>>> print(open('target-v8.pdb').read())   # PDB, C-alpha atoms
ATOM      1  CA  MET X   1     -30.122 -57.835  55.802
ATOM      2  CA  ALA X   2     -33.091 -58.782  57.926
ATOM      3  CA  LYS X   3     -36.227 -56.736  57.550
ATOM      4  CA  PRO X   4     -36.771 -54.774  60.754
ATOM      5  CA  LYS X   5     -39.675 -56.125  62.773
ATOM      6  CA  PHE X   6     -40.714 -52.721  64.097
ATOM      7  CA  ASP X   7     -41.535 -49.553  62.202
ATOM      8  CA  VAL X   8     -40.846 -46.000  63.220
ATOM      9  CA  GLY X   9     -43.788 -44.956  65.374
ATOM     10  CA  ASP X  10     -44.431 -48.438  66.787
ATOM     11  CA  GLU X  11     -44.890 -48.734  70.525
ATOM     12  CA  VAL X  12     -42.429 -51.228  71.960
ATOM     13  CA  ARG X  13     -41.649 -52.612  75.363
ATOM     14  CA  VAL X  14     -38.087 -53.383  76.448
ATOM     15  CA  ARG X  15     -37.892 -57.014  77.495
ATOM     16  CA  ASN X  16     -36.752 -57.872  80.957
ATOM     17  CA  GLN X  17     -34.623 -60.888  80.212
ATOM     18  CA  THR X  18     -31.451 -62.411  81.491
ATOM     19  CA  SER X  19     -28.272 -60.389  81.544
ATOM     20  CA  LEU X  20     -26.132 -63.266  82.692
ATOM     21  CA  PHE X  21     -23.848 -62.374  79.777
ATOM     22  CA  HIS X  22     -22.860 -59.004  78.433
ATOM     23  CA  THR X  23     -25.634 -56.655  77.422
ATOM     24  CA  ARG X  24     -25.947 -52.979  76.771
ATOM     25  CA  THR X  25     -29.616 -52.852  77.677
ATOM     26  CA  GLN X  26     -29.804 -50.706  80.750
ATOM     27  CA  LYS X  27     -31.759 -51.932  83.713
ATOM     28  CA  TYR X  28     -33.701 -48.693  84.014
ATOM     29  CA  THR X  29     -35.308 -49.192  80.593
ATOM     30  CA  ARG X  30     -36.440 -52.775  81.099
ATOM     31  CA  GLY X  31     -40.157 -53.354  81.131
ATOM     32  CA  HIS X  32     -40.795 -49.807  79.967
ATOM     33  CA  VAL X  33     -42.714 -48.706  76.902
ATOM     34  CA  GLY X  34     -41.397 -46.286  74.306
ATOM     35  CA  VAL X  35     -41.838 -45.428  70.650
ATOM     36  CA  VAL X  36     -39.423 -46.392  67.866
ATOM     37  CA  SER X  37     -38.054 -43.077  66.613
ATOM     38  CA  GLU X  38     -35.358 -44.271  64.190
ATOM     39  CA  HIS X  39     -33.940 -47.365  62.585
ATOM     40  CA  ARG X  40     -30.252 -48.082  62.939
ATOM     41  CA  PRO X  41     -28.330 -50.372  60.617
ATOM     42  CA  GLU X  42     -28.030 -53.961  61.772
ATOM     43  CA  TRP X  43     -24.815 -54.946  63.471
ATOM     44  CA  VAL X  44     -23.409 -57.629  65.749
ATOM     45  CA  ILE X  45     -25.266 -57.720  69.049
ATOM     46  CA  PRO X  46     -23.164 -56.842  72.112
ATOM     47  CA  GLU X  47     -23.876 -60.263  73.621
ATOM     48  CA  ASP X  48     -21.638 -61.716  70.885
ATOM     49  CA  GLU X  49     -19.300 -58.840  70.194
ATOM     50  CA  ALA X  50     -18.235 -58.809  73.829
ATOM     51  CA  PHE X  51     -16.854 -62.309  73.320
ATOM     52  CA  GLY X  52     -14.853 -61.369  70.263
ATOM     53  CA  ARG X  53     -17.370 -62.707  67.749
ATOM     54  CA  VAL X  54     -17.155 -59.672  65.490
ATOM     55  CA  GLU X  55     -17.057 -61.766  62.290
ATOM     56  CA  ASP X  56     -19.470 -64.579  63.087
ATOM     57  CA  GLY X  57     -21.645 -62.917  65.735
ATOM     58  CA  ARG X  58     -25.419 -62.635  65.348
ATOM     59  CA  LYS X  59     -26.470 -59.496  63.528
ATOM     60  CA  GLU X  60     -29.757 -57.796  64.285
ATOM     61  CA  PRO X  61     -31.539 -54.601  63.368
ATOM     62  CA  PHE X  62     -31.137 -51.869  65.967
ATOM     63  CA  TYR X  63     -33.670 -49.246  66.965
ATOM     64  CA  VAL X  64     -33.702 -45.905  68.672
ATOM     65  CA  VAL X  65     -36.502 -45.893  71.204
ATOM     66  CA  ARG X  66     -37.854 -42.681  72.654
ATOM     67  CA  PHE X  67     -39.303 -42.868  76.145
ATOM     68  CA  LYS X  68     -41.340 -40.315  77.982
ATOM     69  CA  GLN X  69     -39.401 -39.515  81.143
ATOM     70  CA  THR X  70     -42.594 -39.799  83.158
ATOM     71  CA  GLU X  71     -42.913 -43.382  81.854
ATOM     72  CA  LEU X  72     -39.365 -44.264  82.976
ATOM     73  CA  TRP X  73     -39.477 -42.590  86.363
ATOM     74  CA  PRO X  74     -42.700 -42.428  88.362
ATOM     75  CA  ASP X  75     -41.253 -39.625  90.484
ATOM     76  CA  TYR X  76     -39.866 -37.632  87.539
ATOM     77  CA  THR X  77     -39.322 -34.017  88.577
ATOM     78  CA  GLY X  78     -39.212 -32.392  85.125
ATOM     79  CA  PHE X  79     -42.042 -31.858  82.689
ATOM     80  CA  GLU X  80     -44.433 -34.178  80.875
ATOM     81  CA  ARG X  81     -42.848 -33.384  77.488
ATOM     82  CA  ASP X  82     -39.306 -34.477  78.477
ATOM     83  CA  THR X  83     -37.909 -37.564  76.768
ATOM     84  CA  LEU X  84     -34.968 -39.955  76.683
ATOM     85  CA  GLU X  85     -33.596 -41.892  73.726
ATOM     86  CA  SER X  86     -31.551 -45.042  73.731
ATOM     87  CA  GLU X  87     -30.772 -47.901  71.334
ATOM     88  CA  PHE X  88     -31.751 -51.553  71.410
ATOM     89  CA  SER X  89     -31.156 -54.627  69.325
ATOM     90  CA  GLU X  90     -34.275 -56.388  68.116
ATOM     91  CA  ARG X  91     -34.113 -59.212  70.653
ATOM     92  CA  TRP X  92     -34.636 -56.767  73.493
ATOM     93  CA  LEU X  93     -37.893 -55.345  72.136
ATOM     94  CA  GLU X  94     -41.439 -56.683  71.949
ATOM     95  CA  PRO X  95     -44.710 -55.084  70.830
ATOM     96  CA  ALA X  96     -46.031 -52.922  73.656
ATOM     97  CA  ARG X  97     -49.450 -54.509  73.367
ATOM     98  CA  LYS X  98     -49.831 -58.215  72.869
ATOM     99  CA  GLU X  99     -51.207 -59.086  69.426
ATOM    100  CA  LYS X 100     -54.791 -60.336  69.444
TER     101      LYS X 100
ATOM    102  CA  MET I   1     -11.633 -44.305  94.850
ATOM    103  CA  SER I   2      -9.274 -41.455  94.178
ATOM    104  CA  GLY I   3      -8.987 -40.643  97.867
ATOM    105  CA  SER I   4      -5.461 -40.189  99.092
ATOM    106  CA  HIS I   5      -6.021 -42.136 102.301
ATOM    107  CA  ARG I   6      -6.108 -45.848 102.827
ATOM    108  CA  HIS I   7      -8.598 -46.453 105.583
ATOM    109  CA  ASP I   8      -6.672 -49.302 107.072
ATOM    110  CA  GLY I   9      -4.760 -47.412 109.691
ATOM    111  CA  HIS I  10      -1.652 -47.154 107.528
ATOM    112  CA  ASP I  11      -2.154 -43.857 105.841
ATOM    113  CA  GLY I  12       0.933 -42.293 107.331
ATOM    114  CA  HIS I  13      -0.954 -40.099 109.742
ATOM    115  CA  ASP I  14      -1.545 -42.562 112.508
ATOM    116  CA  GLY I  15       1.908 -42.262 113.933
ATOM    117  CA  HIS I  16       2.664 -46.003 114.104
ATOM    118  CA  ASP I  17       6.117 -45.656 112.663
ATOM    119  CA  GLY I  18       6.092 -42.250 111.072
ATOM    120  CA  HIS I  19       6.310 -43.637 107.532
ATOM    121  CA  PRO I  20       3.370 -43.814 105.191
ATOM    122  CA  THR I  21       2.900 -47.442 104.282
ATOM    123  CA  PHE I  22       1.465 -46.797 100.800
ATOM    124  CA  PRO I  23       3.068 -43.555  99.669
ATOM    125  CA  VAL I  24       2.571 -44.179  95.944
ATOM    126  CA  ALA I  25      -0.151 -46.787  95.674
ATOM    127  CA  SER I  26      -2.541 -44.627  97.662
ATOM    128  CA  GLN I  27      -2.620 -42.168  94.765
ATOM    129  CA  VAL I  28      -3.445 -44.754  92.121
ATOM    130  CA  SER I  29      -7.031 -45.821  91.683
ATOM    131  CA  GLU I  30      -7.994 -49.456  91.320
ATOM    132  CA  PHE I  31      -9.163 -48.647  87.822
ATOM    133  CA  GLU I  32      -5.694 -47.415  86.887
ATOM    134  CA  ILE I  33      -4.110 -50.562  88.267
ATOM    135  CA  LEU I  34      -6.553 -52.645  86.249
ATOM    136  CA  GLU I  35      -5.802 -50.661  83.082
ATOM    137  CA  LEU I  36      -2.079 -51.146  83.594
ATOM    138  CA  ALA I  37      -2.465 -54.874  84.167
ATOM    139  CA  VAL I  38      -4.605 -55.352  81.055
ATOM    140  CA  ARG I  39      -2.269 -53.200  78.996
ATOM    141  CA  GLU I  40       0.805 -55.173  80.083
ATOM    142  CA  LEU I  41      -0.919 -58.460  79.303
ATOM    143  CA  ALA I  42      -1.952 -57.202  75.864
ATOM    144  CA  ILE I  43       1.613 -56.132  75.135
ATOM    145  CA  GLU I  44       2.964 -59.453  76.370
ATOM    146  CA  LYS I  45       0.514 -61.331  74.159
ATOM    147  CA  GLY I  46       1.543 -59.228  71.171
ATOM    148  CA  ILE I  47      -1.911 -57.667  70.604
ATOM    149  CA  PHE I  48      -0.206 -54.309  70.380
ATOM    150  CA  SER I  49       3.221 -52.973  71.260
ATOM    151  CA  ALA I  50       4.203 -50.461  73.894
ATOM    152  CA  GLU I  51       5.120 -48.167  71.006
ATOM    153  CA  ASP I  52       1.609 -48.564  69.509
ATOM    154  CA  HIS I  53       0.143 -47.710  72.882
ATOM    155  CA  ARG I  54       2.277 -44.632  73.284
ATOM    156  CA  ARG I  55       1.424 -43.384  69.796
ATOM    157  CA  PHE I  56      -2.289 -43.909  70.374
ATOM    158  CA  ALA I  57      -2.164 -42.192  73.768
ATOM    159  CA  GLU I  58      -0.340 -39.268  72.201
ATOM    160  CA  TRP I  59      -2.986 -39.015  69.495
ATOM    161  CA  ALA I  60      -5.866 -39.324  71.959
ATOM    162  CA  ASP I  61      -4.436 -36.691  74.304
ATOM    163  CA  GLY I  62      -3.913 -34.317  71.399
ATOM    164  CA  VAL I  63      -7.503 -34.335  70.136
ATOM    165  CA  GLY I  64      -9.604 -31.514  71.540
ATOM    166  CA  PRO I  65     -13.127 -30.261  70.861
ATOM    167  CA  HIS I  66     -11.980 -28.098  67.933
ATOM    168  CA  GLY I  67     -13.198 -30.525  65.305
ATOM    169  CA  GLY I  68     -16.685 -30.413  66.756
ATOM    170  CA  SER I  69     -16.627 -26.599  66.895
ATOM    171  CA  LYS I  70     -15.676 -26.564  63.211
ATOM    172  CA  LEU I  71     -18.565 -28.850  62.301
ATOM    173  CA  VAL I  72     -21.142 -26.680  64.062
ATOM    174  CA  ALA I  73     -19.764 -23.361  62.803
ATOM    175  CA  LYS I  74     -19.639 -24.616  59.222
ATOM    176  CA  ALA I  75     -23.173 -26.012  59.467
ATOM    177  CA  TRP I  76     -24.501 -22.692  60.803
ATOM    178  CA  ASN I  77     -23.031 -20.867  57.797
ATOM    179  CA  ASP I  78     -23.640 -23.451  55.104
ATOM    180  CA  PRO I  79     -27.106 -25.067  54.807
ATOM    181  CA  GLY I  80     -25.809 -27.652  52.321
ATOM    182  CA  PHE I  81     -23.151 -28.831  54.757
ATOM    183  CA  LYS I  82     -25.668 -28.835  57.589
ATOM    184  CA  ARG I  83     -27.915 -31.179  55.588
ATOM    185  CA  ARG I  84     -25.000 -33.518  54.853
ATOM    186  CA  LEU I  85     -23.898 -33.418  58.492
ATOM    187  CA  LEU I  86     -27.335 -34.344  59.801
ATOM    188  CA  GLU I  87     -27.787 -37.074  57.175
ATOM    189  CA  ASN I  88     -24.434 -38.787  57.653
ATOM    190  CA  GLY I  89     -22.288 -37.374  60.414
ATOM    191  CA  THR I  90     -19.423 -39.802  59.986
ATOM    192  CA  GLU I  91     -19.063 -38.967  56.287
ATOM    193  CA  ALA I  92     -19.518 -35.191  56.695
ATOM    194  CA  CYS I  93     -16.704 -35.156  59.290
ATOM    195  CA  LYS I  94     -14.235 -35.852  56.476
ATOM    196  CA  GLU I  95     -15.033 -32.428  55.013
ATOM    197  CA  VAL I  96     -13.352 -30.799  58.018
ATOM    198  CA  GLY I  97     -10.534 -33.344  58.055
ATOM    199  CA  ILE I  98     -11.841 -35.790  60.684
ATOM    200  CA  ASP I  99     -11.691 -39.435  59.698
ATOM    201  CA  TRP I 100     -13.344 -41.677  62.261
ATOM    202  CA  LEU I 101     -11.246 -44.602  61.075
ATOM    203  CA  LYS I 102      -8.034 -42.953  62.199
ATOM    204  CA  PRO I 103      -5.657 -43.735  63.692
ATOM    205  CA  THR I 104      -6.169 -47.496  63.875
ATOM    206  CA  GLY I 105      -7.823 -48.152  60.511
ATOM    207  CA  THR I 106     -10.825 -49.774  62.163
ATOM    208  CA  GLY I 107     -11.715 -46.855  64.360
ATOM    209  CA  THR I 108     -11.129 -46.801  68.058
ATOM    210  CA  PRO I 109     -13.130 -49.919  68.832
ATOM    211  CA  SER I 110     -15.143 -48.427  71.654
ATOM    212  CA  ASP I 111     -15.799 -45.266  69.693
ATOM    213  CA  TYR I 112     -16.527 -46.137  66.168
ATOM    214  CA  THR I 113     -19.603 -47.031  64.379
ATOM    215  CA  PHE I 114     -21.907 -44.142  63.667
ATOM    216  CA  PHE I 115     -21.802 -40.485  64.473
ATOM    217  CA  TYR I 116     -24.986 -38.478  64.782
ATOM    218  CA  VAL I 117     -25.360 -34.755  65.220
ATOM    219  CA  LEU I 118     -28.386 -33.806  67.307
ATOM    220  CA  GLU I 119     -29.879 -30.523  66.224
ATOM    221  CA  ASN I 120     -31.493 -28.352  68.859
ATOM    222  CA  THR I 121     -34.690 -26.563  67.878
ATOM    223  CA  PRO I 122     -36.853 -24.004  69.670
ATOM    224  CA  GLN I 123     -38.881 -27.017  70.854
ATOM    225  CA  VAL I 124     -36.170 -29.580  71.700
ATOM    226  CA  HIS I 125     -32.939 -29.359  73.677
ATOM    227  CA  ASN I 126     -30.600 -32.350  73.393
ATOM    228  CA  VAL I 127     -28.036 -33.496  75.916
ATOM    229  CA  ILE I 128     -25.725 -36.532  75.863
ATOM    230  CA  VAL I 129     -24.684 -38.998  78.542
ATOM    231  CA  CYS I 130     -23.459 -42.591  78.691
ATOM    232  CA  THR I 131     -24.866 -44.422  81.676
ATOM    233  CA  LEU I 132     -23.034 -47.667  80.979
ATOM    234  CA  CYS I 133     -19.487 -46.324  80.860
ATOM    235  CA  SER I 134     -18.302 -43.098  79.258
ATOM    236  CA  CYS I 135     -18.981 -43.267  75.508
ATOM    237  CA  TYR I 136     -18.133 -39.968  73.898
ATOM    238  CA  PRO I 137     -17.402 -38.802  70.328
ATOM    239  CA  ARG I 138     -13.661 -38.562  70.895
ATOM    240  CA  PRO I 139     -12.588 -37.923  67.289
ATOM    241  CA  VAL I 140     -14.603 -34.677  67.309
ATOM    242  CA  LEU I 141     -14.559 -33.650  70.995
ATOM    243  CA  GLY I 142     -11.338 -35.185  72.317
ATOM    244  CA  MET I 143     -11.232 -36.718  75.762
ATOM    245  CA  SER I 144     -14.374 -36.276  77.818
ATOM    246  CA  PRO I 145     -14.297 -33.983  80.848
ATOM    247  CA  ASP I 146     -13.848 -35.746  84.185
ATOM    248  CA  TRP I 147     -17.366 -34.950  85.319
ATOM    249  CA  TYR I 148     -18.833 -36.620  82.236
ATOM    250  CA  ARG I 149     -17.436 -39.943  83.445
ATOM    251  CA  THR I 150     -18.574 -39.642  87.044
ATOM    252  CA  PRO I 151     -21.350 -41.918  88.248
ATOM    253  CA  SER I 152     -23.203 -38.922  89.634
ATOM    254  CA  TYR I 153     -23.460 -37.222  86.223
ATOM    255  CA  ARG I 154     -24.357 -40.492  84.505
ATOM    256  CA  ARG I 155     -27.007 -41.660  86.879
ATOM    257  CA  ARG I 156     -28.530 -38.257  87.501
ATOM    258  CA  MET I 157     -28.600 -36.948  83.923
ATOM    259  CA  VAL I 158     -30.988 -39.669  82.797
ATOM    260  CA  ARG I 159     -33.180 -39.331  85.830
ATOM    261  CA  ARG I 160     -33.218 -35.654  86.763
ATOM    262  CA  PRO I 161     -31.859 -33.859  83.693
ATOM    263  CA  ARG I 162     -33.368 -30.467  84.421
ATOM    264  CA  GLU I 163     -31.834 -30.373  87.875
ATOM    265  CA  VAL I 164     -28.407 -31.357  86.553
ATOM    266  CA  LEU I 165     -28.631 -28.760  83.767
ATOM    267  CA  ALA I 166     -29.576 -26.153  86.366
ATOM    268  CA  GLU I 167     -26.438 -27.069  88.311
ATOM    269  CA  PHE I 168     -24.484 -26.190  85.157
ATOM    270  CA  GLY I 169     -26.333 -22.861  85.068
ATOM    271  CA  LEU I 170     -28.665 -23.849  82.244
ATOM    272  CA  HIS I 171     -32.341 -23.266  82.980
ATOM    273  CA  LEU I 172     -34.678 -24.361  80.225
ATOM    274  CA  PRO I 173     -38.293 -23.225  80.107
ATOM    275  CA  PRO I 174     -41.118 -25.761  80.490
ATOM    276  CA  GLU I 175     -42.150 -25.413  76.841
ATOM    277  CA  VAL I 176     -38.786 -26.830  75.716
ATOM    278  CA  GLU I 177     -38.562 -30.625  75.637
ATOM    279  CA  VAL I 178     -35.369 -31.868  77.269
ATOM    280  CA  ARG I 179     -34.225 -34.941  75.337
ATOM    281  CA  VAL I 180     -31.512 -37.034  76.941
ATOM    282  CA  HIS I 181     -29.517 -39.358  74.678
ATOM    283  CA  ASP I 182     -28.012 -42.329  76.470
ATOM    284  CA  SER I 183     -25.119 -43.574  74.294
ATOM    285  CA  ASN I 184     -25.592 -47.215  75.215
ATOM    286  CA  GLN I 185     -24.684 -48.832  71.880
ATOM    287  CA  LYS I 186     -22.304 -47.941  69.068
ATOM    288  CA  SER I 187     -23.674 -44.556  68.050
ATOM    289  CA  ARG I 188     -21.895 -41.455  69.215
ATOM    290  CA  PHE I 189     -23.582 -38.101  69.509
ATOM    291  CA  MET I 190     -22.847 -34.425  69.546
ATOM    292  CA  VAL I 191     -25.270 -31.568  70.101
ATOM    293  CA  MET I 192     -25.622 -28.771  67.553
ATOM    294  CA  ALA I 193     -27.048 -25.813  69.408
ATOM    295  CA  MET I 194     -29.121 -23.153  67.713
ATOM    296  CA  ARG I 195     -27.082 -20.289  66.347
ATOM    297  CA  PRO I 196     -27.273 -17.554  68.962
ATOM    298  CA  GLU I 197     -28.456 -14.011  68.313
ATOM    299  CA  GLY I 198     -25.807 -11.414  67.650
ATOM    300  CA  THR I 199     -23.718 -13.640  65.382
ATOM    301  CA  GLU I 200     -25.155 -12.514  62.059
ATOM    302  CA  GLY I 201     -22.459 -12.249  59.403
ATOM    303  CA  TRP I 202     -19.813 -13.992  61.533
ATOM    304  CA  SER I 203     -17.193 -16.112  59.768
ATOM    305  CA  ASP I 204     -16.730 -19.808  60.482
ATOM    306  CA  GLU I 205     -13.621 -18.930  62.509
ATOM    307  CA  GLN I 206     -15.511 -16.445  64.679
ATOM    308  CA  LEU I 207     -18.347 -18.887  65.250
ATOM    309  CA  GLU I 208     -15.979 -21.717  66.195
ATOM    310  CA  GLN I 209     -14.818 -19.671  69.187
ATOM    311  CA  ILE I 210     -18.220 -19.750  70.863
ATOM    312  CA  VAL I 211     -19.008 -23.409  70.138
ATOM    313  CA  THR I 212     -17.413 -24.780  73.285
ATOM    314  CA  ARG I 213     -17.175 -28.391  74.419
ATOM    315  CA  ASP I 214     -20.012 -28.020  76.899
ATOM    316  CA  THR I 215     -22.376 -26.639  74.260
ATOM    317  CA  MET I 216     -21.718 -29.800  72.221
ATOM    318  CA  ILE I 217     -22.465 -32.045  75.194
ATOM    319  CA  GLY I 218     -25.622 -30.031  75.759
ATOM    320  CA  VAL I 219     -25.011 -28.672  79.264
ATOM    321  CA  ALA I 220     -24.554 -25.103  78.010
ATOM    322  CA  LEU I 221     -25.726 -22.837  75.211
ATOM    323  CA  PRO I 222     -23.415 -20.795  72.987
ATOM    324  CA  LYS I 223     -23.542 -17.041  73.393
ATOM    325  CA  ALA I 224     -22.060 -14.272  71.296
ATOM    326  CA  GLY I 225     -18.974 -13.067  73.098
ATOM    327  CA  ARG I 226     -18.536 -16.103  75.327
ATOM    328  CA  THR I 227     -15.629 -18.364  74.395
ATOM    329  CA  SER I 228     -13.908 -21.211  76.159
ATOM    330  CA  ASP I 229     -10.605 -19.332  76.123
ATOM    331  CA  GLU I 230     -11.588 -16.157  77.883
ATOM    332  CA  ASP I 231     -10.520 -15.531  81.460
ATOM    333  CA  VAL I 232     -12.938 -16.979  83.931
ATOM    334  CA  GLN I 233     -14.168 -14.500  86.503
ATOM    335  CA  ALA I 234     -13.641 -16.532  89.642
ATOM    336  CA  LYS I 235     -14.391 -15.434  93.142
ATOM    337  CA  ALA I 236     -12.544 -16.661  96.190
ATOM    338  CA  ALA I 237     -14.530 -19.426  97.845
ATOM    339  CA  TRP I 238     -13.916 -17.998 101.311
ATOM    340  CA  ARG I 239     -11.881 -15.362 103.050
TER     341      ARG I 239
END
>>> encode(input="target-v8.pdb", output="structure tokens")
Amino acid sequence: MAKPKFDVGDEVRVRNQTSLFHTRTQKYTRGHVGVVSEHRPEWVIPEDEAFGRVEDGRKEPFYVVRFKQTELWPDYTGFERDTLESEFSERWLEPARKEK
Amino acid sequence: MSGSHRHDGHDGHDGHDGHPTFPVASQVSEFEILELAVRELAIEKGIFSAEDHRRFAEWADGVGPHGGSKLVAKAWNDPGFKRRLLENGTEACKEVGIDWLKPTGTGTPSDYTFFYVLENTPQVHNVIVCTLCSCYPRPVLGMSPDWYRTPSYRRRMVRRPREVLAEFGLHLPPEVEVRVHDSNQKSRFMVMAMRPEGTEGWSDEQLEQIVTRDTMIGVALPKAGRTSDEDVQAKAAWR
């Protein structure tokens, strides 16, 4: 079991990388910054599971990331406090601020 | 997609020959044709049998939202169960007779990994959606309503949740945080609303009646005296 790279409370940015193959990382979250709100157990990433590699697929920690709606949508019509949560495997996340 | 007309001039109303050219096919969506083709291939390849498919379909069609109602009602009355439910939803389900591994032994592949109950508070209102397809906690809520699967619900709930909730008749005040949960991976969610006023001393069975499907999706709030079975007061759309 790999040690999760991000802690609850960490600010993370969703990577905007290739989705030539199967992914469950929605387009609307890519490039956006949120906060890790929960850890999820590691499991096979969808990029492998989609091709039947349930046994030998790559396993990664998963995270729930909470976004402010106003961060996701510049023209958000609700209120500042509204949020959205979604899950990501580790490969889709990077620290929100580059390490010095 | 589900339109009954083929827009190719052969929809039976153009008077070419008086016979509709696609009398049956015009009522079948492309998605249904695709499902049928994949199913037949899977049967031919021996992945499952037609009998397996029928049994599973029968099971799936028979599951309603009653399991979910039971979970919420029991949690409202029993703080110990509520704690167990919030800590490990999949495990706590077994206490009301729901085993997420049934009926296939590995879970329904698109459904099963983890089940989380989202507890509403005076500060936070939760609502679920799946923008990628139609993920839904079927073992506890049964088949999802048609609108849950529509692109317009999926794309608008993540982007303009307060407007969509208002269209369902649910207006939440600005001091309540609306939290949308996009079921994009293997977790499945269900909303546990706050126990409404006027239900003090109610039994689990009484409470179950007011925990309707929509309150567990998060587009409605339970109310004493309002159940999913009561007659709907409908007005004629026009006269």
>>> resolve_selection(input="target-v8.pdb", expression="the ChimeraX specification (/I :<7) & /X", output="MDAnalysis selection string")
chainID X and resid 24 76:79 81:87
>>> closest_residue(input="target-v8.pdb", among="I:Gly68, I:Pro139, I:Ala73, I:Ser134", to="Lys102 of chain I", atoms="all atoms listed in the file")
I:Pro139
>>> resolve_selection(input="target-v8.pdb", expression="the PyMOL selection byres ((chain X and resi 4-6) around 12)", output="number ranges by chain")
X: 1-3, 7-13, 35-42, 59-65, 88-96
>>> atom_distance(input="target-v8.pdb", atom1="atom CA of Gly52 of chain X", atom2="atom CA of Cys93 of chain I")
28.5 Å
>>> closest_residue(input="target-v8.pdb", among="I:Arg195, I:Lys94, I:Arg54, I:Lys223", to="Asn120 of chain I", atoms="only C-alpha atoms")
I:Arg195
>>> resolve_selection(input="target-v8.pdb", expression="the PyMOL selection byres ((chain I and resi 213) around 10)", output="list of chain:residue names")
I:Gly64, I:Pro65, I:His66, I:Gly68, I:Ser69, I:Val140, I:Leu141, I:Gly142, I:Ser144, I:Pro145, I:Met190, I:Val191, I:Ile210, I:Val211, I:Thr212, I:Asp214, I:Thr215, I:Met216, I:Ile217, I:Gly218, I:Val219, I:Ala220, I:Pro222, I:Ser228
>>> residues_around(input="target-v8.pdb", residues="Ala50 of chain X", least_positions_apart="4", cutoff="9 Å", atoms="only C-alpha atoms", output="list in words")
Phe21, His22, Thr23, Ile45, Pro46 and Val54 of chain X
>>> atom_distance(input="target-v8.pdb", atom1="atom CA of Glu95 of chain I", atom2="atom CA of Leu71 of chain I")
8.9 Å
>>> build_atoms(input="target-v8.pdb", residues="segment 82-96 of chain X", atoms="N, CA and C atoms", output="mmCIF file, keeping the file's coordinate frame")
data_model
loop_
_atom_site.group_PDB
_atom_site.id
_atom_site.type_symbol
_atom_site.label_atom_id
_atom_site.label_comp_id
_atom_site.auth_asym_id
_atom_site.auth_seq_id
_atom_site.Cartn_x
_atom_site.Cartn_y
_atom_site.Cartn_z
ATOM 1 N N ASP X 82 -40.713 -34.052 78.511
ATOM 2 C CA ASP X 82 -39.306 -34.477 78.477
ATOM 3 C C ASP X 82 -39.173 -35.946 78.051
ATOM 4 N N THR X 83 -38.091 -36.219 77.314
ATOM 5 C CA THR X 83 -37.909 -37.564 76.768
ATOM 6 C C THR X 83 -36.474 -38.062 76.940
ATOM 7 N N LEU X 84 -36.296 -39.345 76.672
ATOM 8 C CA LEU X 84 -34.968 -39.955 76.683
ATOM 9 C C LEU X 84 -34.898 -40.944 75.524
ATOM 10 N N GLU X 85 -33.773 -40.936 74.816
ATOM 11 C CA GLU X 85 -33.596 -41.892 73.726
ATOM 12 C C GLU X 85 -32.424 -42.816 74.006
ATOM 13 N N SER X 86 -32.597 -44.060 73.557
ATOM 14 C CA SER X 86 -31.551 -45.042 73.731
ATOM 15 C C SER X 86 -31.716 -46.080 72.616
ATOM 16 N N GLU X 87 -30.722 -46.942 72.445
ATOM 17 C CA GLU X 87 -30.772 -47.901 71.334
ATOM 18 C C GLU X 87 -30.864 -49.342 71.829
ATOM 19 N N PHE X 88 -31.540 -50.158 71.031
ATOM 20 C CA PHE X 88 -31.751 -51.553 71.410
ATOM 21 C C PHE X 88 -31.648 -52.453 70.193
ATOM 22 N N SER X 89 -31.105 -53.635 70.393
ATOM 23 C CA SER X 89 -31.156 -54.627 69.325
ATOM 24 C C SER X 89 -32.534 -55.273 69.382
ATOM 25 N N GLU X 90 -32.900 -55.906 68.252
ATOM 26 C CA GLU X 90 -34.275 -56.388 68.116
ATOM 27 C C GLU X 90 -34.699 -57.353 69.218
ATOM 28 N N ARG X 91 -33.754 -58.195 69.663
ATOM 29 C CA ARG X 91 -34.113 -59.212 70.653
ATOM 30 C C ARG X 91 -34.579 -58.625 71.987
ATOM 31 N N TRP X 92 -34.251 -57.362 72.217
ATOM 32 C CA TRP X 92 -34.636 -56.767 73.493
ATOM 33 C C TRP X 92 -35.985 -56.058 73.440
ATOM 34 N N LEU X 93 -36.631 -56.079 72.268
ATOM 35 C CA LEU X 93 -37.893 -55.345 72.136
ATOM 36 C C LEU X 93 -39.041 -56.286 71.814
ATOM 37 N N GLU X 94 -40.225 -55.949 72.310
ATOM 38 C CA GLU X 94 -41.439 -56.683 71.949
ATOM 39 C C GLU X 94 -42.554 -55.660 71.748
ATOM 40 N N PRO X 95 -43.616 -56.048 71.001
ATOM 41 C CA PRO X 95 -44.710 -55.084 70.830
ATOM 42 C C PRO X 95 -45.249 -54.683 72.199
ATOM 43 N N ALA X 96 -45.591 -53.396 72.347
ATOM 44 C CA ALA X 96 -46.031 -52.922 73.656
ATOM 45 C C ALA X 96 -47.339 -53.568 74.069
#
